[in-house]
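One file, query.tsv, is given below (TSV, N, CA, C and O atoms).
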chain	number	residue	atom	x	y	z
A	14	MET	N	0.86	-1.17	0.00
A	14	MET	CA	0.00	0.00	0.00
A	14	MET	C	0.91	1.23	0.00
A	14	MET	O	1.91	1.26	0.71
A	15	THR	N	0.55	2.23	-0.77
A	15	THR	CA	1.34	3.45	-0.85
A	15	THR	C	0.55	4.62	-0.25
A	15	THR	O	-0.67	4.56	-0.15
A	16	PRO	N	1.26	5.70	0.14
A	16	PRO	CA	0.57	6.85	0.74
A	16	PRO	C	-0.48	7.49	-0.17
A	16	PRO	O	-1.43	8.10	0.31
A	17	ASP	N	-0.32	7.35	-1.48
A	17	ASP	CA	-1.29	7.95	-2.41
A	17	ASP	C	-2.36	6.96	-2.89
A	17	ASP	O	-3.13	7.26	-3.78
A	18	ASP	N	-2.43	5.81	-2.25
A	18	ASP	CA	-3.42	4.79	-2.61
A	18	ASP	C	-4.82	5.33	-2.31
A	18	ASP	O	-5.11	5.74	-1.18
A	19	PRO	N	-5.72	5.34	-3.30
A	19	PRO	CA	-7.08	5.86	-3.08
A	19	PRO	C	-7.85	5.07	-2.02
A	19	PRO	O	-8.78	5.59	-1.40
A	20	LEU	N	-7.45	3.84	-1.77
A	20	LEU	CA	-8.12	3.02	-0.76
A	20	LEU	C	-7.99	3.63	0.63
A	20	LEU	O	-8.89	3.52	1.46
A	21	LEU	N	-6.88	4.35	0.88
A	21	LEU	CA	-6.68	4.97	2.19
A	21	LEU	C	-7.74	6.01	2.52
A	21	LEU	O	-8.04	6.24	3.68
A	22	LYS	N	-8.33	6.61	1.50
A	22	LYS	CA	-9.35	7.63	1.73
A	22	LYS	C	-10.68	7.04	2.20
A	22	LYS	O	-11.47	7.72	2.82
A	23	ILE	N	-10.90	5.75	1.91
A	23	ILE	CA	-12.18	5.15	2.29
A	23	ILE	C	-12.08	4.16	3.45
A	23	ILE	O	-13.08	3.80	4.04
A	24	LEU	N	-10.85	3.73	3.78
A	24	LEU	CA	-10.70	2.83	4.91
A	24	LEU	C	-10.91	3.59	6.21
A	24	LEU	O	-10.53	4.75	6.33
A	25	ALA	N	-11.51	2.93	7.18
A	25	ALA	CA	-11.79	3.57	8.47
A	25	ALA	C	-11.57	2.56	9.60
A	25	ALA	O	-11.63	1.35	9.40
A	26	CYS	N	-11.33	3.09	10.78
A	26	CYS	CA	-11.18	2.26	11.97
A	26	CYS	C	-12.50	1.55	12.23
A	26	CYS	O	-13.56	2.18	12.20
A	27	PRO	N	-12.46	0.25	12.52
A	27	PRO	CA	-13.72	-0.46	12.78
A	27	PRO	C	-14.38	-0.07	14.10
A	27	PRO	O	-15.56	-0.34	14.30
A	28	LEU	N	-13.64	0.60	14.97
A	28	LEU	CA	-14.20	0.97	16.27
A	28	LEU	C	-14.83	2.36	16.28
A	28	LEU	O	-15.97	2.53	16.72
A	29	ASP	N	-14.10	3.37	15.80
A	29	ASP	CA	-14.67	4.73	15.84
A	29	ASP	C	-15.02	5.28	14.45
A	29	ASP	O	-15.48	6.41	14.34
A	30	LYS	N	-14.79	4.49	13.42
A	30	LYS	CA	-15.14	4.84	12.03
A	30	LYS	C	-14.39	6.06	11.50
A	30	LYS	O	-14.76	6.64	10.50
A	31	GLY	N	-13.30	6.44	12.18
A	31	GLY	CA	-12.50	7.58	11.76
A	31	GLY	C	-11.39	7.17	10.81
A	31	GLY	O	-11.11	5.99	10.61
A	32	PRO	N	-10.72	8.18	10.22
A	32	PRO	CA	-9.64	7.90	9.26
A	32	PRO	C	-8.42	7.28	9.93
A	32	PRO	O	-8.22	7.41	11.15
A	33	LEU	N	-7.63	6.60	9.12
A	33	LEU	CA	-6.44	5.92	9.59
A	33	LEU	C	-5.20	6.48	8.90
A	33	LEU	O	-5.28	6.97	7.77
A	34	LEU	N	-4.06	6.38	9.56
A	34	LEU	CA	-2.78	6.81	9.01
A	34	LEU	C	-2.01	5.58	8.53
A	34	LEU	O	-2.04	4.54	9.19
A	35	LEU	N	-1.32	5.72	7.41
A	35	LEU	CA	-0.47	4.64	6.91
A	35	LEU	C	0.88	4.74	7.59
A	35	LEU	O	1.56	5.77	7.53
A	36	VAL	N	1.28	3.66	8.26
A	36	VAL	CA	2.58	3.59	8.93
A	36	VAL	C	3.50	2.77	8.04
A	36	VAL	O	3.18	1.62	7.72
A	37	PRO	N	4.63	3.34	7.63
A	37	PRO	CA	5.54	2.59	6.76
A	37	PRO	C	6.20	1.42	7.49
A	37	PRO	O	6.26	1.39	8.73
A	38	ASP	N	6.70	0.48	6.73
A	38	ASP	CA	7.42	-0.68	7.28
A	38	ASP	C	8.70	-0.19	7.94
A	38	ASP	O	9.51	0.47	7.31
A	39	ASP	N	8.87	-0.50	9.21
A	39	ASP	CA	10.08	-0.07	9.93
A	39	ASP	C	11.10	-1.19	10.03
A	39	ASP	O	12.09	-1.07	10.75
A	40	GLY	N	10.87	-2.29	9.34
A	40	GLY	CA	11.77	-3.42	9.39
A	40	GLY	C	11.46	-4.39	10.52
A	40	GLY	O	11.98	-5.49	10.56
A	41	THR	N	10.61	-3.98	11.45
A	41	THR	CA	10.26	-4.83	12.59
A	41	THR	C	8.80	-5.26	12.54
A	41	THR	O	8.49	-6.43	12.63
A	42	HIS	N	7.91	-4.28	12.39
A	42	HIS	CA	6.47	-4.57	12.47
A	42	HIS	C	5.78	-4.65	11.11
A	42	HIS	O	4.66	-5.06	11.03
A	43	GLY	N	6.41	-4.21	10.07
A	43	GLY	CA	5.76	-4.20	8.77
A	43	GLY	C	4.83	-3.00	8.65
A	43	GLY	O	4.65	-2.22	9.58
A	44	GLN	N	4.24	-2.89	7.49
A	44	GLN	CA	3.31	-1.79	7.22
A	44	GLN	C	2.05	-1.96	8.06
A	44	GLN	O	1.64	-3.08	8.36
A	45	ALA	N	1.43	-0.83	8.43
A	45	ALA	CA	0.23	-0.91	9.25
A	45	ALA	C	-0.63	0.33	9.02
A	45	ALA	O	-0.19	1.31	8.43
A	46	LEU	N	-1.86	0.26	9.49
A	46	LEU	CA	-2.75	1.41	9.56
A	46	LEU	C	-2.90	1.75	11.03
A	46	LEU	O	-2.99	0.86	11.88
A	47	TYR	N	-2.95	3.06	11.32
A	47	TYR	CA	-2.95	3.49	12.72
A	47	TYR	C	-4.05	4.50	13.00
A	47	TYR	O	-4.26	5.43	12.24
A	48	ASN	N	-4.75	4.27	14.10
A	48	ASN	CA	-5.76	5.20	14.59
A	48	ASN	C	-5.14	5.96	15.77
A	48	ASN	O	-5.04	5.41	16.87
A	49	PRO	N	-4.72	7.21	15.55
A	49	PRO	CA	-4.07	7.96	16.63
A	49	PRO	C	-5.05	8.37	17.74
A	49	PRO	O	-4.62	8.63	18.86
A	50	ARG	N	-6.32	8.39	17.46
A	50	ARG	CA	-7.30	8.77	18.49
A	50	ARG	C	-7.45	7.69	19.55
A	50	ARG	O	-7.60	7.98	20.73
A	51	LEU	N	-7.42	6.43	19.13
A	51	LEU	CA	-7.59	5.31	20.04
A	51	LEU	C	-6.27	4.59	20.35
A	51	LEU	O	-6.27	3.62	21.10
A	52	HIS	N	-5.19	5.03	19.71
A	52	HIS	CA	-3.86	4.40	19.87
A	52	HIS	C	-3.90	2.93	19.46
A	52	HIS	O	-3.33	2.06	20.12
A	53	ARG	N	-4.57	2.64	18.33
A	53	ARG	CA	-4.68	1.26	17.86
A	53	ARG	C	-4.00	1.11	16.51
A	53	ARG	O	-4.22	1.90	15.60
A	54	ARG	N	-3.19	0.06	16.40
A	54	ARG	CA	-2.44	-0.26	15.19
A	54	ARG	C	-3.03	-1.52	14.56
A	54	ARG	O	-3.22	-2.53	15.24
A	55	TYR	N	-3.34	-1.43	13.26
A	55	TYR	CA	-3.90	-2.56	12.52
A	55	TYR	C	-2.88	-3.01	11.47
A	55	TYR	O	-2.46	-2.21	10.63
A	56	PRO	N	-2.47	-4.27	11.48
A	56	PRO	CA	-1.44	-4.72	10.54
A	56	PRO	C	-1.97	-4.82	9.11
A	56	PRO	O	-3.17	-4.96	8.88
A	57	ILE	N	-1.03	-4.73	8.19
A	57	ILE	CA	-1.32	-4.99	6.77
A	57	ILE	C	-0.54	-6.26	6.43
A	57	ILE	O	0.69	-6.28	6.51
A	58	VAL	N	-1.24	-7.33	6.10
A	58	VAL	CA	-0.63	-8.63	5.82
A	58	VAL	C	-0.80	-8.95	4.34
A	58	VAL	O	-1.92	-9.01	3.85
A	59	ASP	N	0.32	-9.14	3.66
A	59	ASP	CA	0.31	-9.42	2.22
A	59	ASP	C	-0.52	-8.40	1.45
A	59	ASP	O	-1.27	-8.74	0.54
A	60	GLY	N	-0.41	-7.13	1.85
A	60	GLY	CA	-1.10	-6.04	1.18
A	60	GLY	C	-2.56	-5.87	1.57
A	60	GLY	O	-3.25	-5.01	1.02
A	61	ILE	N	-3.04	-6.67	2.51
A	61	ILE	CA	-4.45	-6.61	2.91
A	61	ILE	C	-4.56	-6.08	4.34
A	61	ILE	O	-4.05	-6.70	5.28
A	62	PRO	N	-5.22	-4.93	4.52
A	62	PRO	CA	-5.40	-4.39	5.87
A	62	PRO	C	-6.28	-5.31	6.72
A	62	PRO	O	-7.33	-5.75	6.27
A	63	GLN	N	-5.83	-5.59	7.92
A	63	GLN	CA	-6.56	-6.45	8.85
A	63	GLN	C	-7.36	-5.53	9.79
A	63	GLN	O	-6.89	-5.13	10.83
A	64	LEU	N	-8.58	-5.20	9.38
A	64	LEU	CA	-9.37	-4.19	10.09
A	64	LEU	C	-10.49	-4.76	10.95
A	64	LEU	O	-11.51	-4.12	11.14
A	65	LEU	N	-10.28	-5.92	11.49
A	65	LEU	CA	-11.22	-6.44	12.48
A	65	LEU	C	-10.86	-5.84	13.84
A	65	LEU	O	-9.67	-5.65	14.13
A	66	PRO	N	-11.82	-5.53	14.68
A	66	PRO	CA	-11.49	-4.98	16.00
A	66	PRO	C	-10.48	-5.85	16.76
A	66	PRO	O	-9.58	-5.34	17.42
A	67	SER	N	-10.60	-7.16	16.63
A	67	SER	CA	-9.68	-8.06	17.34
A	67	SER	C	-8.27	-8.06	16.75
A	67	SER	O	-7.33	-8.51	17.41
A	68	SER	N	-8.10	-7.56	15.54
A	68	SER	CA	-6.78	-7.49	14.90
A	68	SER	C	-5.98	-6.28	15.37
A	68	SER	O	-4.77	-6.24	15.20
A	69	GLY	N	-6.66	-5.30	15.93
A	69	GLY	CA	-5.99	-4.08	16.37
A	69	GLY	C	-5.18	-4.31	17.63
A	69	GLY	O	-5.55	-5.08	18.50
A	70	GLU	N	-4.04	-3.63	17.68
A	70	GLU	CA	-3.16	-3.71	18.84
A	70	GLU	C	-3.18	-2.37	19.56
A	70	GLU	O	-2.92	-1.34	18.96
A	71	GLN	N	-3.51	-2.39	20.83
A	71	GLN	CA	-3.51	-1.18	21.65
A	71	GLN	C	-2.07	-0.82	21.98
A	71	GLN	O	-1.32	-1.65	22.45
A	72	LEU	N	-1.67	0.45	21.71
A	72	LEU	CA	-0.30	0.86	21.95
A	72	LEU	C	-0.19	1.81	23.14
A	72	LEU	O	-1.08	2.64	23.35
A	73	PRO	N	0.90	1.70	23.90
A	73	PRO	CA	1.13	2.64	24.99
A	73	PRO	C	1.52	4.01	24.45
A	73	PRO	O	1.84	4.16	23.27
A	74	GLU	N	1.52	5.01	25.31
A	74	GLU	CA	1.77	6.39	24.90
A	74	GLU	C	3.12	6.57	24.20
A	74	GLU	O	3.21	7.28	23.21
A	75	ASP	N	4.18	5.93	24.69
A	75	ASP	CA	5.50	6.10	24.06
A	75	ASP	C	5.53	5.54	22.65
A	75	ASP	O	6.12	6.12	21.74
A	76	ALA	N	4.88	4.40	22.42
A	76	ALA	CA	4.80	3.83	21.08
A	76	ALA	C	3.94	4.71	20.17
A	76	ALA	O	4.23	4.85	18.97
A	77	HIS	N	2.90	5.32	20.74
A	77	HIS	CA	2.04	6.25	19.98
A	77	HIS	C	2.87	7.41	19.44
A	77	HIS	O	2.80	7.73	18.26
A	78	GLU	N	3.67	8.03	20.30
A	78	GLU	CA	4.51	9.16	19.89
A	78	GLU	C	5.50	8.73	18.82
A	78	GLU	O	5.74	9.46	17.85
A	79	GLN	N	6.09	7.56	18.97
A	79	GLN	CA	7.07	7.06	18.01
A	79	GLN	C	6.41	6.83	16.64
A	79	GLN	O	6.98	7.17	15.61
A	80	LEU	N	5.22	6.25	16.63
A	80	LEU	CA	4.51	6.02	15.37
A	80	LEU	C	4.16	7.33	14.67
A	80	LEU	O	4.28	7.44	13.45
A	81	LEU	N	3.72	8.32	15.43
A	81	LEU	CA	3.39	9.61	14.83
A	81	LEU	C	4.62	10.25	14.20
A	81	LEU	O	4.54	10.83	13.11
A	82	LYS	N	5.78	10.14	14.84
A	82	LYS	CA	7.02	10.66	14.27
A	82	LYS	C	7.38	9.91	12.99
A	82	LYS	O	7.81	10.51	12.00
A	83	GLN	N	7.20	8.60	13.01
A	83	GLN	CA	7.50	7.77	11.85
A	83	GLN	C	6.61	8.16	10.66
A	83	GLN	O	7.09	8.28	9.53
A	84	VAL	N	5.33	8.38	10.91
A	84	VAL	CA	4.39	8.78	9.85
A	84	VAL	C	4.78	10.16	9.32
A	84	VAL	O	4.79	10.39	8.11
A	85	GLU	N	5.12	11.08	10.22
A	85	GLU	CA	5.51	12.43	9.82
A	85	GLU	C	6.78	12.40	8.96
A	85	GLU	O	6.84	13.08	7.93
A	86	GLN	N	7.77	11.63	9.35
A	86	GLN	CA	9.01	11.53	8.58
A	86	GLN	C	8.76	10.92	7.22
A	86	GLN	O	9.33	11.36	6.22
A	87	ALA	N	7.91	9.93	7.14
A	87	ALA	CA	7.59	9.30	5.85
A	87	ALA	C	6.87	10.30	4.95
A	87	ALA	O	7.10	10.32	3.74
A	88	GLY	N	6.03	11.14	5.54
A	88	GLY	CA	5.32	12.15	4.75
A	88	GLY	C	6.26	13.18	4.16
A	88	GLY	O	6.08	13.66	3.05
A	89	ARG	N	7.31	13.53	4.91
A	89	ARG	CA	8.30	14.48	4.40
A	89	ARG	C	9.16	13.86	3.32
A	89	ARG	O	9.63	14.55	2.44
A	90	ALA	N	9.37	12.56	3.39
A	90	ALA	CA	10.22	11.88	2.41
A	90	ALA	C	9.49	11.66	1.08
A	90	ALA	O	10.11	11.43	0.07
A	91	THR	N	8.17	11.73	1.12
A	91	THR	CA	7.38	11.52	-0.10
A	91	THR	C	7.39	12.80	-0.94
A	91	THR	O	7.03	13.85	-0.43
A	92	PRO	N	7.79	12.69	-2.21
A	92	PRO	CA	7.81	13.91	-3.06
A	92	PRO	C	6.45	14.45	-3.36
A	92	PRO	O	5.48	13.81	-3.36
Take the structure in the file and write it out as structure tokens.
Amino acid sequence: MTPDDPLLKILACPLDKGPLLLVPDDGTHGQALYNPRLHRRYPIVDGIPQLLPSSGEQLPEDAHEQLLKQVEQAGRATP
């Protein structure tokens, strides 16, 4: 999935129905979609977002801040 993928505009968190951020692959966790409002990370497996409520991982505050920085840096790197 790429940052300009039109699918990102229609995908939503299964819990609060809000928009999600694309988190680039960091070499450890792989690509994911992230809900910064609920601090929930949803994995993307073989290009398919896993958007079931049970697939989401609740993240602590420090991981939340790190993910937001990662998303921001990826946005700056995109031409």
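Summary of the local environment: counting all atoms listed in the file, residues at most 8 Å from range 53-68 of chain A, other than itself and those fewer than 6 positions away along its chain, are Met14, Ala25, Cys26, Pro27, Leu28, Leu33, Leu34, Val36, His42, Gly43, Gln44, Ala45, Leu46, Tyr47 and His77 of chain A.
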Long-range neighbours of His52 in chain A as a ChimeraX atom specification, 10 Å cut-off, only C-alpha atoms, 4 positions minimum in chain: /A:47-48,69-74,76-78,80
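Reported to one decimal place, the separation of CA of Asp75 in chain A from CA of Leu24 in chain A is 25.3 Å.
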As a PyMOL selection string, please: every residue in range 44-79 of chain A that a backbone DSSP assignment puts in helix (DSSP H, G or I). chain A and resi 66-68+74-79
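Here atom C of Asp18 in chain A and atom N of Leu35 in chain A stand 10.3 Å from one another.
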Residues of chain A in strand (DSSP E) according to DSSP, as a ChimeraX atom specification? /A:34-36,45-48,53-58,61-62,70-71
Output as a PDB file, keeping the file's coordinate frame: range 49-60 of chain A, completed with all heavy atoms.
ATOM      1  N   PRO A  49      -4.720   7.210  15.550  1.00  0.00           N
ATOM      2  CA  PRO A  49      -4.070   7.960  16.630  1.00  0.00           C
ATOM      3  C   PRO A  49      -5.050   8.370  17.740  1.00  0.00           C
ATOM      4  O   PRO A  49      -4.620   8.630  18.860  1.00  0.00           O
ATOM      5  CB  PRO A  49      -3.503   9.192  15.921  1.00  0.00           C
ATOM      6  CG  PRO A  49      -4.326   9.355  14.694  1.00  0.00           C
ATOM      7  CD  PRO A  49      -4.751   7.966  14.296  1.00  0.00           C
ATOM      8  N   ARG A  50      -6.320   8.390  17.460  1.00  0.00           N
ATOM      9  CA  ARG A  50      -7.300   8.770  18.490  1.00  0.00           C
ATOM     10  C   ARG A  50      -7.450   7.690  19.550  1.00  0.00           C
ATOM     11  O   ARG A  50      -7.600   7.980  20.730  1.00  0.00           O
ATOM     12  CB  ARG A  50      -8.661   9.050  17.823  1.00  0.00           C
ATOM     13  CG  ARG A  50      -8.605  10.220  16.827  1.00  0.00           C
ATOM     14  CD  ARG A  50      -9.847  10.307  15.944  1.00  0.00           C
ATOM     15  NE  ARG A  50     -10.164   9.087  15.228  1.00  0.00           N
ATOM     16  CZ  ARG A  50      -9.514   8.639  14.139  1.00  0.00           C
ATOM     17  NH1 ARG A  50      -8.494   9.307  13.645  1.00  0.00           N
ATOM     18  NH2 ARG A  50      -9.878   7.523  13.536  1.00  0.00           N
ATOM     19  N   LEU A  51      -7.420   6.430  19.130  1.00  0.00           N
ATOM     20  CA  LEU A  51      -7.590   5.310  20.040  1.00  0.00           C
ATOM     21  C   LEU A  51      -6.270   4.590  20.350  1.00  0.00           C
ATOM     22  O   LEU A  51      -6.270   3.620  21.100  1.00  0.00           O
ATOM     23  CB  LEU A  51      -8.584   4.296  19.461  1.00  0.00           C
ATOM     24  CG  LEU A  51     -10.002   4.807  19.193  1.00  0.00           C
ATOM     25  CD1 LEU A  51     -10.859   3.703  18.592  1.00  0.00           C
ATOM     26  CD2 LEU A  51     -10.627   5.354  20.457  1.00  0.00           C
ATOM     27  N   HIS A  52      -5.190   5.030  19.710  1.00  0.00           N
ATOM     28  CA  HIS A  52      -3.860   4.400  19.870  1.00  0.00           C
ATOM     29  C   HIS A  52      -3.900   2.930  19.460  1.00  0.00           C
ATOM     30  O   HIS A  52      -3.330   2.060  20.120  1.00  0.00           O
ATOM     31  CB  HIS A  52      -3.356   4.523  21.302  1.00  0.00           C
ATOM     32  CG  HIS A  52      -3.124   5.933  21.753  1.00  0.00           C
ATOM     33  ND1 HIS A  52      -2.215   6.250  22.713  1.00  0.00           N
ATOM     34  CD2 HIS A  52      -3.660   7.115  21.373  1.00  0.00           C
ATOM     35  CE1 HIS A  52      -2.209   7.545  22.921  1.00  0.00           C
ATOM     36  NE2 HIS A  52      -3.099   8.090  22.112  1.00  0.00           N
ATOM     37  N   ARG A  53      -4.570   2.640  18.330  1.00  0.00           N
ATOM     38  CA  ARG A  53      -4.680   1.260  17.860  1.00  0.00           C
ATOM     39  C   ARG A  53      -4.000   1.110  16.510  1.00  0.00           C
ATOM     40  O   ARG A  53      -4.220   1.900  15.600  1.00  0.00           O
ATOM     41  CB  ARG A  53      -6.141   0.827  17.756  1.00  0.00           C
ATOM     42  CG  ARG A  53      -6.774   0.686  19.146  1.00  0.00           C
ATOM     43  CD  ARG A  53      -8.115   0.048  19.104  1.00  0.00           C
ATOM     44  NE  ARG A  53      -8.101  -1.338  18.702  1.00  0.00           N
ATOM     45  CZ  ARG A  53      -7.887  -2.368  19.525  1.00  0.00           C
ATOM     46  NH1 ARG A  53      -7.616  -2.166  20.784  1.00  0.00           N
ATOM     47  NH2 ARG A  53      -7.936  -3.590  19.077  1.00  0.00           N
ATOM     48  N   ARG A  54      -3.190   0.060  16.400  1.00  0.00           N
ATOM     49  CA  ARG A  54      -2.440  -0.260  15.190  1.00  0.00           C
ATOM     50  C   ARG A  54      -3.030  -1.520  14.560  1.00  0.00           C
ATOM     51  O   ARG A  54      -3.220  -2.530  15.240  1.00  0.00           O
ATOM     52  CB  ARG A  54      -0.981  -0.504  15.581  1.00  0.00           C
ATOM     53  CG  ARG A  54      -0.073  -0.838  14.462  1.00  0.00           C
ATOM     54  CD  ARG A  54       1.336  -1.107  15.036  1.00  0.00           C
ATOM     55  NE  ARG A  54       2.249  -1.432  13.987  1.00  0.00           N
ATOM     56  CZ  ARG A  54       2.394  -2.638  13.458  1.00  0.00           C
ATOM     57  NH1 ARG A  54       1.681  -3.644  13.903  1.00  0.00           N
ATOM     58  NH2 ARG A  54       3.246  -2.830  12.482  1.00  0.00           N
ATOM     59  N   TYR A  55      -3.340  -1.430  13.260  1.00  0.00           N
ATOM     60  CA  TYR A  55      -3.900  -2.560  12.520  1.00  0.00           C
ATOM     61  C   TYR A  55      -2.880  -3.010  11.470  1.00  0.00           C
ATOM     62  O   TYR A  55      -2.460  -2.210  10.630  1.00  0.00           O
ATOM     63  CB  TYR A  55      -5.210  -2.159  11.818  1.00  0.00           C
ATOM     64  CG  TYR A  55      -6.293  -1.772  12.789  1.00  0.00           C
ATOM     65  CD1 TYR A  55      -6.496  -0.439  13.132  1.00  0.00           C
ATOM     66  CD2 TYR A  55      -7.109  -2.731  13.375  1.00  0.00           C
ATOM     67  CE1 TYR A  55      -7.482  -0.074  14.041  1.00  0.00           C
ATOM     68  CE2 TYR A  55      -8.097  -2.379  14.277  1.00  0.00           C
ATOM     69  CZ  TYR A  55      -8.271  -1.050  14.598  1.00  0.00           C
ATOM     70  OH  TYR A  55      -9.242  -0.707  15.500  1.00  0.00           O
ATOM     71  N   PRO A  56      -2.470  -4.270  11.480  1.00  0.00           N
ATOM     72  CA  PRO A  56      -1.440  -4.720  10.540  1.00  0.00           C
ATOM     73  C   PRO A  56      -1.970  -4.820   9.110  1.00  0.00           C
ATOM     74  O   PRO A  56      -3.170  -4.960   8.880  1.00  0.00           O
ATOM     75  CB  PRO A  56      -1.072  -6.106  11.074  1.00  0.00           C
ATOM     76  CG  PRO A  56      -2.287  -6.571  11.795  1.00  0.00           C
ATOM     77  CD  PRO A  56      -2.925  -5.326  12.370  1.00  0.00           C
ATOM     78  N   ILE A  57      -1.030  -4.730   8.190  1.00  0.00           N
ATOM     79  CA  ILE A  57      -1.320  -4.990   6.770  1.00  0.00           C
ATOM     80  C   ILE A  57      -0.540  -6.260   6.430  1.00  0.00           C
ATOM     81  O   ILE A  57       0.690  -6.280   6.510  1.00  0.00           O
ATOM     82  CB  ILE A  57      -0.887  -3.820   5.870  1.00  0.00           C
ATOM     83  CG1 ILE A  57      -1.674  -2.564   6.239  1.00  0.00           C
ATOM     84  CG2 ILE A  57      -1.068  -4.184   4.397  1.00  0.00           C
ATOM     85  CD1 ILE A  57      -1.245  -1.317   5.495  1.00  0.00           C
ATOM     86  N   VAL A  58      -1.240  -7.330   6.100  1.00  0.00           N
ATOM     87  CA  VAL A  58      -0.630  -8.630   5.820  1.00  0.00           C
ATOM     88  C   VAL A  58      -0.800  -8.950   4.340  1.00  0.00           C
ATOM     89  O   VAL A  58      -1.920  -9.010   3.850  1.00  0.00           O
ATOM     90  CB  VAL A  58      -1.264  -9.737   6.701  1.00  0.00           C
ATOM     91  CG1 VAL A  58      -0.640 -11.086   6.403  1.00  0.00           C
ATOM     92  CG2 VAL A  58      -1.135  -9.391   8.173  1.00  0.00           C
ATOM     93  N   ASP A  59       0.320  -9.140   3.660  1.00  0.00           N
ATOM     94  CA  ASP A  59       0.310  -9.420   2.220  1.00  0.00           C
ATOM     95  C   ASP A  59      -0.520  -8.400   1.450  1.00  0.00           C
ATOM     96  O   ASP A  59      -1.270  -8.740   0.540  1.00  0.00           O
ATOM     97  CB  ASP A  59      -0.218 -10.836   1.949  1.00  0.00           C
ATOM     98  CG  ASP A  59       0.692 -11.923   2.507  1.00  0.00           C
ATOM     99  OD1 ASP A  59       1.925 -11.700   2.538  1.00  0.00           O
ATOM    100  OD2 ASP A  59       0.177 -12.984   2.901  1.00  0.00           O
ATOM    101  N   GLY A  60      -0.410  -7.130   1.850  1.00  0.00           N
ATOM    102  CA  GLY A  60      -1.100  -6.040   1.180  1.00  0.00           C
ATOM    103  C   GLY A  60      -2.560  -5.870   1.570  1.00  0.00           C
ATOM    104  O   GLY A  60      -3.250  -5.010   1.020  1.00  0.00           O
TER     105      GLY A  60
END
